[in-house]
$ cat structure.txt   # compact mmCIF, C-alpha atoms
# COMPACT_ATOMS: atom_id res chain seq x y z
CA MET A 244 22.72 7.20 7.48
CA LYS A 245 23.11 10.83 8.43
CA ASN A 246 23.43 11.83 4.78
CA TRP A 247 20.30 9.88 4.02
CA ILE A 248 18.24 11.69 6.64
CA VAL A 249 19.61 15.06 5.56
CA ALA A 250 18.72 14.30 1.96
CA LEU A 251 15.23 13.23 3.05
CA LEU A 252 14.68 16.46 4.96
CA LEU A 253 15.92 18.65 2.17
CA GLY A 254 14.12 16.72 -0.54
CA ALA A 255 16.48 18.55 -2.83
CA ALA A 256 16.21 16.70 -6.10
CA LEU A 257 12.79 15.59 -7.31
CA THR A 258 14.19 12.49 -8.90
CA VAL A 259 15.89 11.31 -5.72
CA SER A 260 13.60 8.82 -4.04
CA ALA A 261 14.26 7.12 -0.73
CA HIS A 262 15.16 4.08 -2.80
CA GLU A 263 17.90 5.91 -4.63
CA MET A 264 19.09 7.50 -1.42
CA ASN A 265 19.40 4.07 0.13
CA MET A 266 21.92 3.28 -2.58
CA HIS A 267 24.13 5.87 -0.95
CA MET A 268 23.93 4.40 2.54
CA ALA A 269 27.32 3.76 4.07
CA ALA A 270 28.84 0.53 2.84
CA GLY A 271 28.59 -2.20 5.44
CA GLU A 272 25.46 -0.79 7.05
CA LYS A 273 23.11 -3.55 8.18
CA THR A 274 20.33 -4.44 5.81
CA LEU A 275 17.66 -7.08 5.31
CA LYS A 276 16.49 -9.15 2.38
CA VAL A 277 12.73 -9.62 2.39
CA ALA A 278 10.68 -11.91 0.13
CA VAL A 279 6.97 -11.14 -0.24
CA VAL A 280 4.72 -14.02 -1.29
CA LEU A 281 2.13 -13.13 -3.96
CA PHE A 282 -0.94 -15.22 -4.82
CA ASP A 283 -4.24 -14.62 -6.61
CA GLY A 284 -6.59 -12.82 -4.23
CA VAL A 285 -3.81 -11.18 -2.19
CA GLU A 286 -4.85 -7.81 -0.75
CA GLU A 287 -3.09 -4.70 -2.05
CA ILE A 288 -2.23 -2.96 1.22
CA ASP A 289 -1.13 -6.25 2.83
CA TYR A 290 1.89 -6.50 0.54
CA ALA A 291 2.41 -2.92 -0.63
CA GLY A 292 2.45 -1.46 2.90
CA PRO A 293 5.32 -3.73 4.03
CA ILE A 294 7.14 -3.35 0.67
CA GLU A 295 7.05 0.41 1.20
CA VAL A 296 8.34 0.16 4.78
CA PHE A 297 11.14 -2.26 3.99
CA GLY A 298 12.08 -0.40 0.81
CA ALA A 299 12.16 2.96 2.59
CA SER A 300 14.31 1.36 5.31
CA GLY A 301 16.98 0.30 2.84
CA ALA A 302 16.01 -3.38 2.78
CA THR A 303 16.06 -5.36 -0.45
CA VAL A 304 12.53 -6.45 -1.35
CA LEU A 305 11.86 -9.43 -3.61
CA THR A 306 8.52 -10.86 -4.70
CA VAL A 307 7.82 -14.55 -5.14
CA GLY A 308 4.91 -16.51 -6.60
CA LEU A 309 4.26 -20.19 -7.19
CA SER A 310 5.09 -19.26 -10.77
CA LYS A 311 6.14 -16.04 -12.49
CA ALA A 312 2.69 -15.61 -14.05
CA PRO A 313 0.81 -12.38 -13.26
CA VAL A 314 -1.05 -12.43 -9.96
CA THR A 315 -4.39 -10.63 -9.61
CA SER A 316 -4.88 -8.85 -6.29
CA VAL A 317 -8.25 -8.65 -4.58
CA TYR A 318 -9.13 -5.19 -5.97
CA GLY A 319 -7.74 -6.02 -9.40
CA LEU A 320 -4.13 -4.80 -9.26
CA ARG A 321 -2.05 -7.20 -11.35
CA VAL A 322 1.48 -7.82 -10.14
CA LEU A 323 4.35 -9.82 -11.62
CA PRO A 324 6.39 -11.92 -9.17
CA GLU A 325 10.10 -11.49 -9.80
CA TYR A 326 10.88 -15.01 -8.56
CA ASP A 327 9.08 -18.30 -8.21
CA THR A 328 9.44 -20.82 -5.41
CA ALA A 329 12.10 -22.68 -7.42
CA ASP A 330 14.54 -19.80 -7.90
CA LEU A 331 14.04 -17.46 -4.93
CA PRO A 332 17.48 -16.73 -3.43
CA ASP A 333 18.20 -16.84 0.31
CA VAL A 334 16.35 -14.15 2.25
CA ASP A 335 16.17 -13.02 5.87
CA VAL A 336 12.42 -12.46 6.04
CA LEU A 337 9.55 -14.35 4.42
CA LEU A 338 6.37 -12.26 4.40
CA VAL A 339 2.95 -13.81 3.76
CA PRO A 340 0.16 -11.26 3.15
CA GLY A 341 -3.54 -12.01 3.46
CA GLY A 342 -6.74 -11.06 1.66
CA GLY A 343 -8.70 -13.54 -0.45
CA ILE A 344 -6.81 -16.60 0.81
CA GLY A 345 -9.49 -19.14 -0.16
CA GLU A 346 -7.27 -20.90 -2.68
CA ALA A 347 -3.85 -20.14 -1.21
CA TRP A 348 -4.45 -21.72 2.19
CA LYS A 349 -5.58 -24.94 0.57
CA ASN A 350 -2.70 -25.19 -1.87
CA PRO A 351 -0.46 -28.04 -0.63
CA GLN A 352 2.44 -26.98 -2.85
CA LEU A 353 2.43 -23.43 -1.45
CA LEU A 354 2.04 -24.63 2.16
CA ALA A 355 4.89 -27.15 1.85
CA TRP A 356 7.16 -24.49 0.34
CA ILE A 357 6.34 -21.94 3.04
CA LYS A 358 7.01 -24.53 5.76
CA GLU A 359 10.33 -25.51 4.20
CA ARG A 360 11.49 -21.95 3.51
CA SER A 361 10.44 -20.63 6.89
CA ALA A 362 12.88 -23.08 8.50
CA LYS A 363 15.70 -21.31 6.64
CA VAL A 364 14.83 -17.65 7.24
CA ARG A 365 15.42 -15.47 10.28
CA VAL A 366 11.80 -14.31 10.45
CA THR A 367 8.49 -15.46 8.95
CA MET A 368 5.84 -12.77 9.06
CA SER A 369 2.15 -12.64 8.20
CA VAL A 370 -0.23 -9.75 7.64
CA CYS A 371 -3.98 -10.04 8.22
CA SER A 372 -5.44 -13.41 7.14
CA GLY A 373 -1.97 -14.50 6.01
CA ALA A 374 -1.85 -15.97 9.52
CA PHE A 375 -4.25 -18.71 8.35
CA ILE A 376 -1.75 -19.69 5.66
CA LEU A 377 1.02 -19.89 8.26
CA GLY A 378 -1.32 -21.87 10.50
CA LYS A 379 -2.01 -24.42 7.77
CA ALA A 380 1.76 -24.68 7.22
CA GLY A 381 2.04 -25.63 10.93
CA LEU A 382 3.92 -22.47 11.89
CA LEU A 383 1.56 -21.20 14.61
CA ASP A 384 1.57 -24.30 16.83
CA GLY A 385 2.80 -23.50 20.32
CA ARG A 386 3.30 -19.84 19.45
CA GLN A 387 1.62 -16.51 20.10
CA ALA A 388 -0.01 -15.05 16.99
CA THR A 389 -2.63 -12.62 15.78
CA THR A 390 -4.71 -11.76 12.71
CA THR A 391 -7.27 -9.16 11.63
CA SER A 392 -9.56 -8.38 14.56
CA SER A 393 -12.72 -9.87 13.05
CA MET A 394 -11.04 -13.24 12.45
CA ARG A 395 -9.25 -13.91 15.73
CA ASP A 396 -11.86 -16.31 17.10
CA GLU A 397 -11.79 -18.18 13.84
CA LEU A 398 -7.98 -18.38 13.96
CA ALA A 399 -8.18 -19.87 17.45
CA ARG A 400 -10.81 -22.40 16.29
CA HIS A 401 -8.74 -23.49 13.31
CA PHE A 402 -5.42 -23.63 15.14
CA PRO A 403 -6.09 -24.57 18.77
CA LYS A 404 -2.36 -24.99 19.48
CA ALA A 405 -1.76 -21.31 18.68
CA GLN A 406 -2.12 -18.70 21.43
CA VAL A 407 -4.19 -16.02 19.70
CA MET A 408 -3.46 -12.49 20.94
CA ARG A 409 -5.67 -9.41 20.58
CA GLN A 410 -2.84 -7.09 19.55
CA ARG A 411 -1.85 -4.99 16.55
CA PHE A 412 1.18 -7.22 16.04
CA VAL A 413 2.86 -10.06 17.92
CA ASP A 414 6.60 -10.71 18.17
CA ALA A 415 7.12 -14.43 18.75
CA GLY A 416 10.81 -14.36 17.86
CA LYS A 417 11.17 -16.12 14.53
CA LEU A 418 7.47 -15.43 13.89
CA ILE A 419 5.81 -12.04 13.58
CA THR A 420 2.08 -11.82 12.91
CA THR A 421 0.05 -8.66 12.51
CA ALA A 422 -3.58 -7.61 12.68
CA GLY A 423 -5.38 -6.49 9.55
CA LEU A 424 -4.25 -4.54 6.52
CA SER A 425 -2.65 -1.29 7.68
CA ALA A 426 -1.32 -3.14 10.75
CA GLY A 427 1.18 -4.72 8.35
CA ILE A 428 2.82 -1.29 8.12
CA ASP A 429 3.24 -1.14 11.91
CA GLY A 430 4.48 -4.72 12.11
CA SER A 431 7.03 -4.04 9.37
CA LEU A 432 8.24 -0.87 11.10
CA TYR A 433 8.56 -2.90 14.30
CA LEU A 434 10.65 -5.54 12.52
CA VAL A 435 12.87 -2.84 10.99
CA GLN A 436 13.36 -1.46 14.50
CA ARG A 437 14.19 -4.89 15.90
CA GLU A 438 16.58 -5.90 13.12
CA LEU A 439 18.04 -2.59 11.88
CA GLY A 440 17.54 -0.23 14.82
CA ALA A 441 15.01 2.32 16.03
CA GLU A 442 16.65 5.19 14.14
CA ARG A 443 16.03 3.49 10.82
CA ALA A 444 12.40 2.63 11.64
CA LYS A 445 11.74 6.17 12.82
CA ALA A 446 13.24 7.63 9.64
CA ALA A 447 11.12 5.33 7.46
CA ALA A 448 7.90 6.20 9.33
CA GLY A 449 8.78 9.90 9.07
CA TYR A 450 9.51 9.60 5.37
CA MET A 451 6.16 7.83 4.90
CA GLU A 452 4.41 10.55 6.94
CA TYR A 453 2.90 7.68 8.88
CA ASP A 454 1.70 7.74 12.49
CA TRP A 455 3.56 4.70 13.63
CA ARG A 456 2.34 2.77 16.66
CA PRO A 457 5.54 1.30 18.08
CA GLN A 458 3.71 -0.63 20.81
CA PRO A 459 2.39 -4.04 19.78
CA GLU A 460 -0.38 -3.82 22.39
CA SER A 461 -1.80 -0.56 21.07
CA LYS A 462 -4.84 -2.26 19.56
CA MET B 929 -24.66 -1.41 3.03
CA LYS B 930 -25.80 -2.77 6.35
CA ASN B 931 -25.25 -6.33 5.20
CA TRP B 932 -21.75 -5.40 4.13
CA ILE B 933 -20.86 -4.02 7.55
CA VAL B 934 -22.40 -6.98 9.34
CA ALA B 935 -20.43 -9.36 7.15
CA LEU B 936 -17.27 -7.38 7.86
CA LEU B 937 -17.84 -7.56 11.59
CA LEU B 938 -18.59 -11.23 11.58
CA GLY B 939 -15.76 -12.06 9.21
CA ALA B 940 -17.64 -15.27 8.81
CA ALA B 941 -16.15 -16.86 5.73
CA LEU B 942 -12.40 -16.72 5.22
CA THR B 943 -12.76 -16.51 1.49
CA VAL B 944 -15.08 -13.52 1.61
CA SER B 945 -13.00 -10.40 1.09
CA ALA B 946 -14.31 -6.84 1.23
CA HIS B 947 -14.08 -6.93 -2.55
CA GLU B 948 -16.43 -9.87 -2.81
CA MET B 949 -18.73 -8.33 -0.23
CA ASN B 950 -18.92 -5.19 -2.32
CA MET B 951 -20.40 -7.30 -5.07
CA HIS B 952 -23.36 -7.81 -2.77
CA MET B 953 -23.95 -4.15 -2.09
CA ALA B 954 -27.50 -3.06 -2.75
CA ALA B 955 -28.10 -2.43 -6.43
CA GLY B 956 -28.24 1.26 -7.21
CA GLU B 957 -25.97 2.22 -4.35
CA LYS B 958 -23.65 5.07 -5.32
CA THR B 959 -20.21 4.08 -6.46
CA LEU B 960 -17.13 5.58 -8.09
CA LYS B 961 -14.88 4.54 -10.94
CA VAL B 962 -11.26 5.40 -10.22
CA ALA B 963 -8.32 5.17 -12.65
CA VAL B 964 -4.82 5.01 -11.15
CA VAL B 965 -1.95 6.14 -13.38
CA LEU B 966 1.12 3.87 -13.27
CA PHE B 967 4.59 4.82 -14.53
CA ASP B 968 8.14 3.56 -14.01
CA GLY B 969 9.41 4.83 -10.66
CA VAL B 970 5.95 5.14 -9.09
CA GLU B 971 5.99 4.55 -5.32
CA GLU B 972 4.24 1.46 -3.98
CA ILE B 973 2.20 3.00 -1.13
CA ASP B 974 1.21 6.00 -3.29
CA TYR B 975 -0.94 3.82 -5.53
CA ALA B 976 -1.65 0.77 -3.37
CA GLY B 977 -2.95 2.81 -0.40
CA PRO B 978 -5.62 4.56 -2.49
CA ILE B 979 -6.44 1.34 -4.41
CA GLU B 980 -7.08 -0.34 -1.06
CA VAL B 981 -9.29 2.50 0.19
CA PHE B 982 -11.34 2.79 -2.99
CA GLY B 983 -11.60 -0.98 -3.37
CA ALA B 984 -12.70 -1.44 0.24
CA SER B 985 -15.28 1.32 -0.29
CA GLY B 986 -16.92 -0.47 -3.18
CA ALA B 987 -15.41 1.69 -5.91
CA THR B 988 -14.23 0.17 -9.17
CA VAL B 989 -10.48 0.60 -9.50
CA LEU B 990 -8.75 0.56 -12.87
CA THR B 991 -5.05 0.99 -13.64
CA VAL B 992 -3.70 2.83 -16.66
CA GLY B 993 -0.23 3.21 -18.16
CA LEU B 994 1.13 4.91 -21.25
CA SER B 995 1.23 1.36 -22.57
CA LYS B 996 0.24 -2.02 -21.14
CA ALA B 997 3.88 -3.00 -20.60
CA PRO B 998 4.93 -3.89 -17.03
CA VAL B 999 5.74 -0.90 -14.85
CA THR B 1000 8.53 -1.12 -12.26
CA SER B 1001 7.78 0.66 -8.98
CA VAL B 1002 10.45 2.45 -6.97
CA TYR B 1003 11.14 -0.51 -4.64
CA GLY B 1004 10.93 -3.02 -7.46
CA LEU B 1005 7.29 -4.17 -7.43
CA ARG B 1006 6.29 -4.82 -11.04
CA VAL B 1007 2.69 -4.05 -11.94
CA LEU B 1008 0.71 -4.57 -15.13
CA PRO B 1009 -1.59 -1.69 -16.18
CA GLU B 1010 -4.99 -3.03 -17.23
CA TYR B 1011 -5.55 -0.15 -19.67
CA ASP B 1012 -3.43 2.27 -21.63
CA THR B 1013 -4.19 5.91 -22.35
CA ALA B 1014 -5.83 4.93 -25.64
CA ASP B 1015 -8.45 2.54 -24.26
CA LEU B 1016 -9.19 3.69 -20.71
CA PRO B 1017 -12.98 3.97 -20.32
CA ASP B 1018 -14.70 6.95 -18.71
CA VAL B 1019 -13.94 7.28 -15.02
CA ASP B 1020 -14.98 9.61 -12.20
CA VAL B 1021 -11.57 10.00 -10.58
CA LEU B 1022 -8.10 10.20 -12.12
CA LEU B 1023 -5.41 9.50 -9.52
CA VAL B 1024 -1.76 10.38 -10.12
CA PRO B 1025 0.67 8.88 -7.57
CA GLY B 1026 4.20 10.13 -6.94
CA GLY B 1027 7.59 8.62 -6.19
CA GLY B 1028 10.43 8.62 -8.71
CA ILE B 1029 8.76 11.08 -11.09
CA GLY B 1030 11.95 12.14 -12.87
CA GLU B 1031 10.85 10.74 -16.20
CA ALA B 1032 7.08 10.98 -15.82
CA TRP B 1033 6.90 14.70 -15.19
CA LYS B 1034 8.95 15.41 -18.31
CA ASN B 1035 6.96 13.13 -20.59
CA PRO B 1036 4.92 15.40 -22.92
CA GLN B 1037 2.65 12.54 -24.02
CA LEU B 1038 1.73 11.69 -20.43
CA LEU B 1039 1.24 15.34 -19.46
CA ALA B 1040 -0.97 16.07 -22.47
CA TRP B 1041 -3.09 13.00 -21.75
CA ILE B 1042 -3.50 13.88 -18.05
CA LYS B 1043 -4.51 17.43 -18.96
CA GLU B 1044 -7.04 16.23 -21.50
CA ARG B 1045 -8.48 13.47 -19.31
CA SER B 1046 -8.68 15.63 -16.21
CA ALA B 1047 -11.07 17.94 -18.07
CA LYS B 1048 -13.48 14.99 -18.39
CA VAL B 1049 -13.39 13.54 -14.87
CA ARG B 1050 -15.14 14.69 -11.72
CA VAL B 1051 -11.95 14.73 -9.64
CA THR B 1052 -8.24 14.67 -10.40
CA MET B 1053 -6.15 13.64 -7.40
CA SER B 1054 -2.44 13.45 -6.68
CA VAL B 1055 -0.48 11.74 -3.93
CA CYS B 1056 2.95 12.95 -2.79
CA SER B 1057 5.15 14.20 -5.66
CA GLY B 1058 2.37 13.36 -8.13
CA ALA B 1059 1.47 17.03 -7.55
CA PHE B 1060 4.49 17.99 -9.68
CA ILE B 1061 3.06 15.98 -12.57
CA LEU B 1062 -0.28 17.77 -12.20
CA GLY B 1063 1.60 21.07 -12.00
CA LYS B 1064 3.43 20.41 -15.25
CA ALA B 1065 0.06 19.54 -16.83
CA GLY B 1066 -1.12 23.01 -15.78
CA LEU B 1067 -3.65 21.73 -13.27
CA LEU B 1068 -2.40 23.57 -10.18
CA ASP B 1069 -2.56 27.12 -11.57
CA GLY B 1070 -4.84 29.30 -9.49
CA ARG B 1071 -5.65 26.46 -7.10
CA GLN B 1072 -4.74 25.37 -3.59
CA ALA B 1073 -2.56 22.27 -3.54
CA THR B 1074 -0.09 20.31 -1.42
CA THR B 1075 2.61 17.67 -1.69
CA THR B 1076 4.96 15.74 0.61
CA SER B 1077 6.14 18.02 3.40
CA SER B 1078 9.80 18.12 2.32
CA MET B 1079 8.91 19.28 -1.20
CA ARG B 1080 6.37 22.04 -0.59
CA ASP B 1081 8.82 24.91 -1.07
CA GLU B 1082 9.98 23.31 -4.28
CA LEU B 1083 6.37 22.93 -5.48
CA ALA B 1084 5.80 26.64 -4.85
CA ARG B 1085 8.99 27.52 -6.73
CA HIS B 1086 8.08 25.41 -9.74
CA PHE B 1087 4.43 26.47 -9.88
CA PRO B 1088 4.17 30.04 -8.60
CA LYS B 1089 0.51 30.28 -9.65
CA ALA B 1090 -0.41 27.46 -7.24
CA GLN B 1091 -1.25 28.27 -3.62
CA VAL B 1092 0.78 25.66 -1.74
CA MET B 1093 -0.80 24.55 1.54
CA ARG B 1094 0.90 22.88 4.50
CA GLN B 1095 -1.85 20.29 5.04
CA ARG B 1096 -2.22 16.53 4.93
CA PHE B 1097 -4.61 16.91 1.99
CA VAL B 1098 -6.30 19.77 0.18
CA ASP B 1099 -9.81 19.76 -1.31
CA ALA B 1100 -9.91 22.25 -4.17
CA GLY B 1101 -13.13 20.93 -5.62
CA LYS B 1102 -12.24 19.15 -8.85
CA LEU B 1103 -8.67 18.82 -7.57
CA ILE B 1104 -7.52 16.91 -4.50
CA THR B 1105 -3.84 16.82 -3.60
CA THR B 1106 -2.32 15.02 -0.64
CA ALA B 1107 0.91 15.12 1.33
CA GLY B 1108 3.35 12.23 1.15
CA LEU B 1109 2.85 8.52 0.86
CA SER B 1110 0.50 7.36 3.64
CA ALA B 1111 -1.36 10.69 3.32
CA GLY B 1112 -2.79 9.25 0.10
CA ILE B 1113 -4.79 6.88 2.29
CA ASP B 1114 -6.30 9.80 4.23
CA GLY B 1115 -6.98 11.78 1.07
CA SER B 1116 -8.72 8.79 -0.50
CA LEU B 1117 -10.85 8.21 2.60
CA TYR B 1118 -11.75 11.90 2.49
CA LEU B 1119 -12.81 11.63 -1.16
CA VAL B 1120 -14.89 8.52 -0.38
CA GLN B 1121 -16.57 10.52 2.39
CA ARG B 1122 -17.22 13.45 0.08
CA GLU B 1123 -18.54 11.39 -2.85
CA LEU B 1124 -20.06 8.30 -1.21
CA GLY B 1125 -20.78 9.42 2.34
CA ALA B 1126 -19.15 9.35 5.76
CA GLU B 1127 -20.59 5.96 6.65
CA ARG B 1128 -18.79 4.32 3.74
CA ALA B 1129 -15.47 6.03 4.52
CA LYS B 1130 -15.72 5.09 8.18
CA ALA B 1131 -16.46 1.46 7.31
CA ALA B 1132 -13.47 1.32 4.95
CA ALA B 1133 -11.10 2.84 7.52
CA GLY B 1134 -12.42 0.41 10.14
CA TYR B 1135 -12.01 -2.54 7.80
CA MET B 1136 -8.44 -1.42 7.08
CA GLU B 1137 -7.80 -1.02 10.83
CA TYR B 1138 -6.48 2.42 9.93
CA ASP B 1139 -6.37 5.50 12.17
CA TRP B 1140 -8.02 7.84 9.75
CA ARG B 1141 -7.44 11.58 10.08
CA PRO B 1142 -10.65 13.09 8.70
CA GLN B 1143 -9.39 16.65 9.04
CA PRO B 1144 -7.31 17.97 6.12
CA GLU B 1145 -5.50 20.39 8.44
CA SER B 1146 -4.26 17.70 10.79
CA LYS B 1147 -0.68 17.89 9.53

$ encode --input "structure.txt" --output "structure tokens"
Amino acid sequence: MKNWIVALLLGAALTVSAHEMNMHMAAGEKTLKVAVVLFDGVEEIDYAGPIEVFGASGATVLTVGLSKAPVTSVYGLRVLPEYDTADLPDVDVLLVPGGGIGEAWKNPQLLAWIKERSAKVRVTMSVCSGAFILGKAGLLDGRQATTTSSMRDELARHFPKAQVMRQRFVDAGKLITTAGLSAGIDGSLYLVQRELGAERAKAAAGYMEYDWRPQPESK
Amino acid sequence: MKNWIVALLLGAALTVSAHEMNMHMAAGEKTLKVAVVLFDGVEEIDYAGPIEVFGASGATVLTVGLSKAPVTSVYGLRVLPEYDTADLPDVDVLLVPGGGIGEAWKNPQLLAWIKERSAKVRVTMSVCSGAFILGKAGLLDGRQATTTSSMRDELARHFPKAQVMRQRFVDAGKLITTAGLSAGIDGSLYLVQRELGAERAKAAAGYMEYDWRPQPESK
């Protein structure tokens, strides 16, 4: 870890990215395996922000779609899921982004798979309107949760058994939900802190030159 | 514009994304066409942050690669460029992200194309170590520029004719360069403000729930 930070600060070799530096982390150091769910209409920052945080923290990041066909994000970025729901290996974290969720949150196959897989992972996490997908999969009932600030009343209406919080992110143990868009970055840094330690989260935020808000209540 | 903000605040329909709302912007309202260069090793937040900002601001966002083959980002996200260098239409902004630039900044075909295309666009912009690619294309000579904080000395060594600034982003007219990673979000919001107006940039930052730093000198 120390070598990694030193290398970051020196920025010695242009070709050495944080990713490559992570390869040199001490063997046996704790890590995380994170799967990010991709679907047509998904919002760019909702998945790329967390992928950046987890990647810069030394986690392994996988992407998963209902199939391996290209997915078109809400502003047009086309992404290729590495796995589909049939062949995704075991992971620690299942991350469900938001965006244009009109089709995703009504897809019974996707909802059933998320429900089933979330029972096997350590943490299920949503960003922005991804909370509505988790809600439809039954994962918000009896739990504290949040979503993008403009949709919190709607979340409460749709899922009356959820306790909707007006926070930037909410830690409900096996469930982490975040507010909108860039809040996914803060929620991911928080999860890195919780699972891999504050030093690692701080280093990732520093590397990303990001003003991290470590307090869930900050907005 | 007003309708767009009202719709954002109400967040009325779950399926209505900012993207779809942009479709309803008043005809004739100013917009931008932005092309984002993708290459193997590119860093996720470097391109996805700006894509989110420009998309949420009503700009048209295109992606371009040396070919249309899938590009693998530094943390593994695979993206499909919509255009290649041969068929990219005219754009207003050419954006060059950074990350693992080891191959990109030594690719004569890519450098020649960036140099040629940058002469035709209103603004060429880099994020993070993308500044080194612009430097190799000769675009930093005689201009103020910046890059990620750990690599500024190295940028000055490689490109002695550039005036390297210790800022979060630098506006050198036709050239905008930003510091590392999340700074690309601030630089993009700044460019939206400059080209489309402060109201639009403020609305995008608010939509993204992002603490925008409007001042280039802030870090």

$ interface_residues --input "structure.txt" --of "chain B" --to "chain A" --cutoff "6 Å" --atoms "only C-alpha atoms" --output "PyMOL selection string"
chain B and resi 937+939+943+945+972-973+976+980+983+1003+1006-1008+1028+1030+1078-1079+1109-1110+1136+1138

$ atom_distance --input "structure.txt" --atom1 "CA of Phe282 (chain A)" --atom2 "CA of Ser369 (chain A)"
13.6 Å

$ residues_around --input "structure.txt" --residues "Thr1074 (chain B)" --least-positions-apart "5" --cutoff "6 Å" --atoms "all atoms listed in the file" --output "list in words"
Val1092, Met1093, Thr1105, Thr1106 and Ala1107 of chain B

$ write_last_selection --input "structure.txt" --atoms "C-alpha atoms" --output "compact mmCIF listing (two decimals), keeping the file's coordinate frame"
# COMPACT_ATOMS: atom_id res chain seq x y z
CA VAL B 1092 0.78 25.66 -1.74
CA MET B 1093 -0.80 24.55 1.54
CA THR B 1105 -3.84 16.82 -3.60
CA THR B 1106 -2.32 15.02 -0.64
CA ALA B 1107 0.91 15.12 1.33

$ residues_near_point --input "structure.txt" --point "(5.4, -9.2, 19.4)" --cutoff "9 Å" --atoms "all atoms listed in the file" --output "number ranges by chain"
A: 387-388, 410-416, 418-421, 430, 433, 458-460

$ residues_around --input "structure.txt" --residues "region 327-338 of chain A" --least-positions-apart "5" --cutoff "9 Å" --atoms "all atoms listed in the file" --output "list of chain:residue names"
A:Leu275, A:Lys276, A:Val277, A:Ala278, A:Val279, A:Val280, A:Tyr290, A:Pro293, A:Leu305, A:Thr306, A:Val307, A:Gly308, A:Leu309, A:Ser310, A:Lys311, A:Leu353, A:Trp356, A:Ile357, A:Arg360, A:Ser361, A:Lys363, A:Val364, A:Arg365, A:Val366, A:Thr367, A:Met368, A:Ser369, A:Val370, A:Gly373

$ closest_residue --input "structure.txt" --among "A:Ser316, A:Ser300, A:Gln352, A:Gln406" --to "Gly385 (chain A)" --atoms "all atoms listed in the file"
A:Gln406

$ closest_residue --input "structure.txt" --among "B:Leu1119, B:Ala1047, B:Val1024, B:Ala1040" --to "Thr959 (chain B)" --atoms "only C-alpha atoms"
B:Leu1119

$ atom_distance --input "structure.txt" --atom1 "CA of Ala1132 (chain B)" --atom2 "CA of Val1120 (chain B)"
9.1 Å

$ atom_distance --input "structure.txt" --atom1 "CA of Leu432 (chain A)" --atom2 "CA of Ala446 (chain A)"
10.0 Å

$ closest_residue --input "structure.txt" --among "B:Ala997, B:Leu1124, B:Ile1113, B:Leu1062" --to "Lys958 (chain B)" --atoms "all atoms listed in the file"
B:Leu1124

$ decode --input "structure.txt" --residues "region 1059-1095 of chain B" --atoms "C-alpha atoms" --output "PDB file, in the first residue's frame"
ATOM      1  CA  ALA B1059      -2.644  16.803 -22.025  1.00  0.00           C
ATOM      2  CA  PHE B1060       0.411  14.718 -22.954  1.00  0.00           C
ATOM      3  CA  ILE B1061      -1.378  13.537 -26.095  1.00  0.00           C
ATOM      4  CA  LEU B1062      -2.189  17.143 -27.018  1.00  0.00           C
ATOM      5  CA  GLY B1063       1.426  18.065 -26.267  1.00  0.00           C
ATOM      6  CA  LYS B1064       2.755  15.405 -28.618  1.00  0.00           C
ATOM      7  CA  ALA B1065       0.339  16.703 -31.267  1.00  0.00           C
ATOM      8  CA  GLY B1066       1.994  20.120 -30.844  1.00  0.00           C
ATOM      9  CA  LEU B1067      -1.082  21.770 -29.370  1.00  0.00           C
ATOM     10  CA  LEU B1068       0.424  23.016 -26.102  1.00  0.00           C
ATOM     11  CA  ASP B1069       3.299  25.051 -27.578  1.00  0.00           C
ATOM     12  CA  GLY B1070       3.078  28.678 -26.543  1.00  0.00           C
ATOM     13  CA  ARG B1071      -0.070  28.071 -24.505  1.00  0.00           C
ATOM     14  CA  GLN B1072      -1.071  27.761 -20.868  1.00  0.00           C
ATOM     15  CA  ALA B1073      -2.063  24.221 -19.923  1.00  0.00           C
ATOM     16  CA  THR B1074      -2.445  21.846 -16.990  1.00  0.00           C
ATOM     17  CA  THR B1075      -2.692  18.151 -16.170  1.00  0.00           C
ATOM     18  CA  THR B1076      -3.176  15.924 -13.117  1.00  0.00           C
ATOM     19  CA  SER B1077      -1.309  17.422 -10.171  1.00  0.00           C
ATOM     20  CA  SER B1078       1.270  14.627  -9.860  1.00  0.00           C
ATOM     21  CA  MET B1079       2.338  14.977 -13.507  1.00  0.00           C
ATOM     22  CA  ARG B1080       2.706  18.739 -13.944  1.00  0.00           C
ATOM     23  CA  ASP B1081       6.491  18.779 -13.617  1.00  0.00           C
ATOM     24  CA  GLU B1082       6.692  15.985 -16.133  1.00  0.00           C
ATOM     25  CA  LEU B1083       4.410  17.881 -18.533  1.00  0.00           C
ATOM     26  CA  ALA B1084       6.715  20.906 -18.290  1.00  0.00           C
ATOM     27  CA  ARG B1085       9.772  18.713 -18.922  1.00  0.00           C
ATOM     28  CA  HIS B1086       8.251  17.079 -21.976  1.00  0.00           C
ATOM     29  CA  PHE B1087       6.805  20.268 -23.460  1.00  0.00           C
ATOM     30  CA  PRO B1088       9.060  23.167 -22.485  1.00  0.00           C
ATOM     31  CA  LYS B1089       7.181  25.562 -24.798  1.00  0.00           C
ATOM     32  CA  ALA B1090       3.975  25.052 -22.780  1.00  0.00           C
ATOM     33  CA  GLN B1091       3.289  27.228 -19.740  1.00  0.00           C
ATOM     34  CA  VAL B1092       2.194  24.664 -17.166  1.00  0.00           C
ATOM     35  CA  MET B1093      -0.321  25.992 -14.641  1.00  0.00           C
ATOM     36  CA  ARG B1094      -1.153  24.578 -11.201  1.00  0.00           C
ATOM     37  CA  GLN B1095      -4.924  24.944 -11.604  1.00  0.00           C
TER      38      GLN B1095
END
